[in-house]
Amino acid sequence: MEKPFLKHASVLIAAVLALGICVGGYYVSNQKQYQQRVAYANAAQSNEKAVLNDLEKQVNELYTDDEKELLKAETTSAEVDKLRTDLDRVKVTAEDFQIKEESLPADMQDLAKEKEVVADSLADVTDKLQVQNEVDSLFTEEVPSWQKFEDSAVVKDDLKNEEVSDITEELGFFAEDQWMDIVQSYLSSASDQVQAINEIQEKLATYKEEEFSYDQYATLSEQIEQVRNQKQHDKFEEAADELGERFGVSTEGAAAESAEANVNVEDETIYVEQGVPTEPEDTEAY
């Protein structure tokens, strides 16, 4: 009769052998899968490079020229988001293929650098679009053009200087280029309009409580005529017309007189600068 300890030993040995077979099989299977992933990484190089080159071309086409400064008018955030999603799918790292760094094909390192360049370009487009949207929000409508500055934008109602300053601070993260010049021009326009509106508001409040001259009133009226925001213009004109009752004249009339006076002063200045024509010499005929 077989002894109990021999029987237990046989069972234990069988279990160890079975476990060894399982572990060995798992290791062999893992190694096979790993080699398949390495092979896939090698085979994927040409395809990933083609996809990356195509994406790089699409990103470059978001700009108006090779300098990559100005964005095309039709460039949208949705388009950029799609390109970023497509770029994220491009596999160029050991982690992407779930392999060790030493198993990654050497050419993949160059592709990784190219992908980083494309990613930086996309980030630049995203940042510029964001600033453009923020600048657009300062005005009643989107600015006329982002390819050149057009001084016709109208600031929105009750725009604050702080809103302009906040965007100005963001520009410190961008390089000096054509795009920067255009942004700064629109910000200057917005700032000038806000400053003019604030100055008019202060004058209206002061003149309502204190005495003022007709010349001061005429100057104020001319300033009001220059306000582009129609809502602000109408509100200022109504308030100024009430003040104008002291002189028996409307804002529009006073503004016209002030403008005409300025033209006359300019003409007189030019005349003085050019000099008074001299009298012709009185010569005798011989």
# chains A, B, ... in the order shown; residues from 1 in each chain; ligands from 1
call {"tool": "closest_atom_pairs", "arguments": {"of": "stretch 69-178 of chain A", "to": "stretch 32-54 of chain A", "cutoff": "10 Å", "atoms": "only C-alpha atoms", "output": "CSV"}}
result
residue,atom,partner,partner_atom,distance
A:Asp86,CA,A:Val51,CA,8.9
A:Leu87,CA,A:Leu52,CA,7.2
A:Arg89,CA,A:Glu48,CA,9.3
A:Val90,CA,A:Glu48,CA,6.0
A:Lys91,CA,A:Glu48,CA,6.6
A:Val92,CA,A:Glu48,CA,7.6
A:Thr93,CA,A:Ala41,CA,9.2
A:Ala94,CA,A:Ala41,CA,8.6
A:Asp96,CA,A:Ala41,CA,9.1
A:Phe97,CA,A:Arg37,CA,6.4
A:Gln98,CA,A:Arg37,CA,7.2
A:Ile99,CA,A:Val38,CA,6.7
A:Lys100,CA,A:Val38,CA,8.9
A:Ser103,CA,A:Val38,CA,6.6
A:Leu104,CA,A:Ala41,CA,7.1
A:Pro105,CA,A:Asn42,CA,6.1
A:Ala106,CA,A:Asn42,CA,9.4
A:Asp107,CA,A:Gln45,CA,7.6
A:Met108,CA,A:Gln45,CA,6.8
A:Asp110,CA,A:Lys49,CA,9.7
A:Leu111,CA,A:Lys49,CA,6.7
A:Ala112,CA,A:Lys49,CA,9.8
A:Glu114,CA,A:Leu52,CA,7.8
A:Lys115,CA,A:Leu52,CA,6.8
A:Val118,CA,A:Leu52,CA,8.3
call {"tool": "write_last_selection", "arguments": {"atoms": "N, CA, C and O atoms", "output": "CSV table (one decimal), in the first residue's frame"}}
result
chain,number,residue,atom,x,y,z
A,86,ASP,N,-6.5,64.1,-34.6
A,86,ASP,CA,-5.8,63.3,-35.5
A,86,ASP,C,-4.3,63.2,-35.2
A,86,ASP,O,-3.7,62.1,-35.4
A,87,LEU,N,-3.7,64.3,-34.7
A,87,LEU,CA,-2.3,64.3,-34.4
A,87,LEU,C,-2.0,63.4,-33.2
A,87,LEU,O,-1.0,62.6,-33.1
A,89,ARG,N,-3.4,60.7,-32.5
A,89,ARG,CA,-3.5,59.3,-32.9
A,89,ARG,C,-2.2,58.8,-33.6
A,89,ARG,O,-2.0,57.6,-33.7
A,90,VAL,N,-1.3,59.7,-34.0
A,90,VAL,CA,-0.1,59.3,-34.6
A,90,VAL,C,0.9,58.7,-33.6
A,90,VAL,O,1.2,59.3,-32.6
A,91,LYS,N,1.3,57.5,-33.8
A,91,LYS,CA,2.1,56.7,-32.8
A,91,LYS,C,3.6,56.9,-33.2
A,91,LYS,O,4.0,56.5,-34.3
A,92,VAL,N,4.3,57.4,-32.2
A,92,VAL,CA,5.8,57.7,-32.5
A,92,VAL,C,6.6,57.3,-31.3
A,92,VAL,O,7.9,57.4,-31.3
A,93,THR,N,6.0,56.9,-30.1
A,93,THR,CA,6.8,56.6,-28.9
A,93,THR,C,6.7,55.2,-28.6
A,93,THR,O,5.8,54.4,-29.0
A,94,ALA,N,7.6,54.7,-27.7
A,94,ALA,CA,7.6,53.4,-27.2
A,94,ALA,C,6.3,53.1,-26.4
A,94,ALA,O,5.7,52.0,-26.5
A,96,ASP,N,3.5,54.5,-27.0
A,96,ASP,CA,2.4,54.3,-28.0
A,96,ASP,C,2.2,52.8,-28.5
A,96,ASP,O,1.1,52.3,-28.7
A,97,PHE,N,3.4,52.2,-28.6
A,97,PHE,CA,3.4,50.8,-29.1
A,97,PHE,C,3.4,49.8,-28.0
A,97,PHE,O,3.5,48.6,-28.3
A,98,GLN,N,3.5,50.3,-26.8
A,98,GLN,CA,3.6,49.4,-25.6
A,98,GLN,C,4.8,48.5,-25.7
A,98,GLN,O,4.8,47.3,-25.5
A,99,ILE,N,6.0,49.1,-26.0
A,99,ILE,CA,7.2,48.3,-26.0
A,99,ILE,C,8.3,49.1,-25.3
A,99,ILE,O,8.1,50.3,-24.9
A,100,LYS,N,9.5,48.5,-25.1
A,100,LYS,CA,10.5,49.2,-24.3
A,100,LYS,C,11.2,50.2,-25.3
A,100,LYS,O,11.2,50.0,-26.5
A,103,SER,N,13.6,49.0,-27.9
A,103,SER,CA,13.0,48.2,-29.0
A,103,SER,C,12.4,49.2,-30.0
A,103,SER,O,12.0,48.7,-31.1
A,104,LEU,N,12.3,50.5,-29.7
A,104,LEU,CA,11.7,51.4,-30.7
A,104,LEU,C,12.6,51.7,-31.9
A,104,LEU,O,13.8,51.9,-31.7
A,105,PRO,N,12.1,51.6,-33.1
A,105,PRO,CA,12.9,51.9,-34.3
A,105,PRO,C,13.6,53.3,-34.2
A,105,PRO,O,12.9,54.2,-33.7
A,106,ALA,N,14.8,53.4,-34.6
A,106,ALA,CA,15.5,54.6,-34.5
A,106,ALA,C,14.9,55.8,-35.2
A,106,ALA,O,14.9,56.9,-34.7
A,107,ASP,N,14.3,55.5,-36.4
A,107,ASP,CA,13.6,56.6,-37.1
A,107,ASP,C,12.4,57.2,-36.4
A,107,ASP,O,12.0,58.3,-36.7
A,108,MET,N,11.9,56.4,-35.5
A,108,MET,CA,10.7,56.9,-34.8
A,108,MET,C,11.0,58.1,-33.9
A,108,MET,O,10.2,59.0,-33.6
A,110,ASP,N,13.0,60.6,-34.8
A,110,ASP,CA,12.8,61.7,-35.7
A,110,ASP,C,11.4,62.1,-35.9
A,110,ASP,O,11.0,63.3,-35.9
A,111,LEU,N,10.5,61.1,-36.0
A,111,LEU,CA,9.1,61.3,-36.2
A,111,LEU,C,8.5,62.0,-34.9
A,111,LEU,O,7.6,62.8,-35.0
A,112,ALA,N,9.0,61.6,-33.8
A,112,ALA,CA,8.6,62.2,-32.5
A,112,ALA,C,8.9,63.7,-32.5
A,112,ALA,O,8.0,64.5,-32.0
A,114,GLU,N,9.2,65.6,-35.2
A,114,GLU,CA,8.3,66.2,-36.1
A,114,GLU,C,6.9,66.4,-35.6
A,114,GLU,O,6.3,67.5,-35.8
A,115,LYS,N,6.5,65.4,-34.8
A,115,LYS,CA,5.1,65.5,-34.2
A,115,LYS,C,5.1,66.7,-33.2
A,115,LYS,O,4.1,67.4,-33.1
A,118,VAL,N,4.7,70.0,-35.1
A,118,VAL,CA,3.3,70.2,-35.6
A,118,VAL,C,2.4,70.5,-34.4
A,118,VAL,O,1.5,71.4,-34.5
call {"tool": "residues_around", "arguments": {"residues": "A:Gln178", "least_positions_apart": "3", "cutoff": "7 Å", "atoms": "only C-alpha atoms", "output": "MDAnalysis selection string"}}
result
chainID A and resid 69:70 181:182
call {"tool": "closest_atom_pairs", "arguments": {"of": "stretch 124-195 of chain A", "to": "stretch 55-66 of chain A", "cutoff": "12 Å", "atoms": "only C-alpha atoms", "output": "Markdown table"}}
result
| residue | atom | partner | partner_atom | distance |
| --- | --- | --- | --- | --- |
| A:Asp124 | CA | A:Val59 | CA | 10.4 |
| A:Val125 | CA | A:Leu62 | CA | 8.0 |
| A:Thr126 | CA | A:Leu62 | CA | 10.9 |
| A:Lys128 | CA | A:Tyr63 | CA | 11.1 |
| A:Leu129 | CA | A:Leu62 | CA | 11.1 |
| A:Trp146 | CA | A:Thr64 | CA | 10.5 |
| A:Gln147 | CA | A:Thr64 | CA | 8.4 |
| A:Lys148 | CA | A:Thr64 | CA | 11.8 |
| A:Gln178 | CA | A:Thr64 | CA | 11.4 |
| A:Trp179 | CA | A:Tyr63 | CA | 10.9 |
call {"tool": "write_last_selection", "arguments": {"atoms": "N, CA, C and O atoms", "output": "tab-separated table (two decimals), in the first residue's frame"}}
result
chain	number	residue	atom	x	y	z
A	124	ASP	N	0.02	77.25	-31.34
A	124	ASP	CA	0.11	78.65	-31.74
A	124	ASP	C	-1.19	79.10	-32.38
A	124	ASP	O	-1.70	80.20	-32.10
A	125	VAL	N	-1.75	78.27	-33.26
A	125	VAL	CA	-3.02	78.59	-33.91
A	125	VAL	C	-4.13	78.73	-32.86
A	125	VAL	O	-4.92	79.67	-32.89
A	126	THR	N	-4.16	77.78	-31.93
A	126	THR	CA	-5.18	77.81	-30.88
A	126	THR	C	-5.09	79.09	-30.05
A	126	THR	O	-6.11	79.75	-29.78
A	128	LYS	N	-3.71	81.98	-30.88
A	128	LYS	CA	-4.05	83.16	-31.67
A	128	LYS	C	-5.56	83.27	-31.88
A	128	LYS	O	-6.13	84.37	-31.81
A	129	LEU	N	-6.20	82.15	-32.13
A	129	LEU	CA	-7.66	82.17	-32.29
A	129	LEU	C	-8.34	82.64	-31.01
A	129	LEU	O	-9.33	83.39	-31.05
A	146	TRP	N	-8.56	90.16	-40.03
A	146	TRP	CA	-7.39	89.76	-39.25
A	146	TRP	C	-6.17	89.63	-40.15
A	146	TRP	O	-5.12	89.16	-39.71
A	147	GLN	N	-6.29	90.08	-41.40
A	147	GLN	CA	-5.14	90.09	-42.30
A	147	GLN	C	-4.51	91.49	-42.37
A	147	GLN	O	-3.35	91.64	-42.72
A	148	LYS	N	-5.31	92.50	-42.02
A	148	LYS	CA	-4.81	93.87	-41.94
A	148	LYS	C	-5.73	94.66	-41.00
A	148	LYS	O	-6.90	94.30	-40.82
A	178	GLN	N	3.51	90.29	-37.64
A	178	GLN	CA	2.40	91.04	-38.24
A	178	GLN	C	1.11	90.87	-37.45
A	178	GLN	O	0.34	91.82	-37.25
A	179	TRP	N	0.89	89.64	-37.00
A	179	TRP	CA	-0.33	89.36	-36.24
A	179	TRP	C	-0.37	90.19	-34.97
A	179	TRP	O	-1.40	90.77	-34.62
call {"tool": "atom_distance", "arguments": {"atom1": "atom CA of A:Lys203", "atom2": "atom CA of A:Asp136"}}
result
29.0 Å
call {"tool": "residues_around", "arguments": {"residues": "A:Val131", "least_positions_apart": "2", "cutoff": "10 Å", "atoms": "only C-alpha atoms", "output": "list of chain:residue names"}}
result
A:Thr126, A:Asp127, A:Lys128, A:Leu129, A:Asn133, A:Glu134, A:Val135, A:Asp136, A:Ser137, A:Ile167, A:Thr168, A:Glu170, A:Leu171, A:Val183
call {"tool": "residues_around", "arguments": {"residues": "A:Ala190", "least_positions_apart": "2", "cutoff": "12 Å", "atoms": "only C-alpha atoms", "output": "JSON, numbers by chain"}}
result
{"A": [135, 136, 137, 138, 139, 140, 143, 151, 152, 153, 154, 155, 156, 157, 158, 159, 160, 161, 162, 163, 164, 165, 167, 168, 183, 184, 185, 186, 187, 188, 192, 193, 194, 195, 196, 197, 227, 228, 229]}
call {"tool": "closest_residue", "arguments": {"among": "A:Gln226, A:Ser145, A:Ala239, A:His233", "to": "A:Lys72", "atoms": "only C-alpha atoms"}}
result
A:Ser145
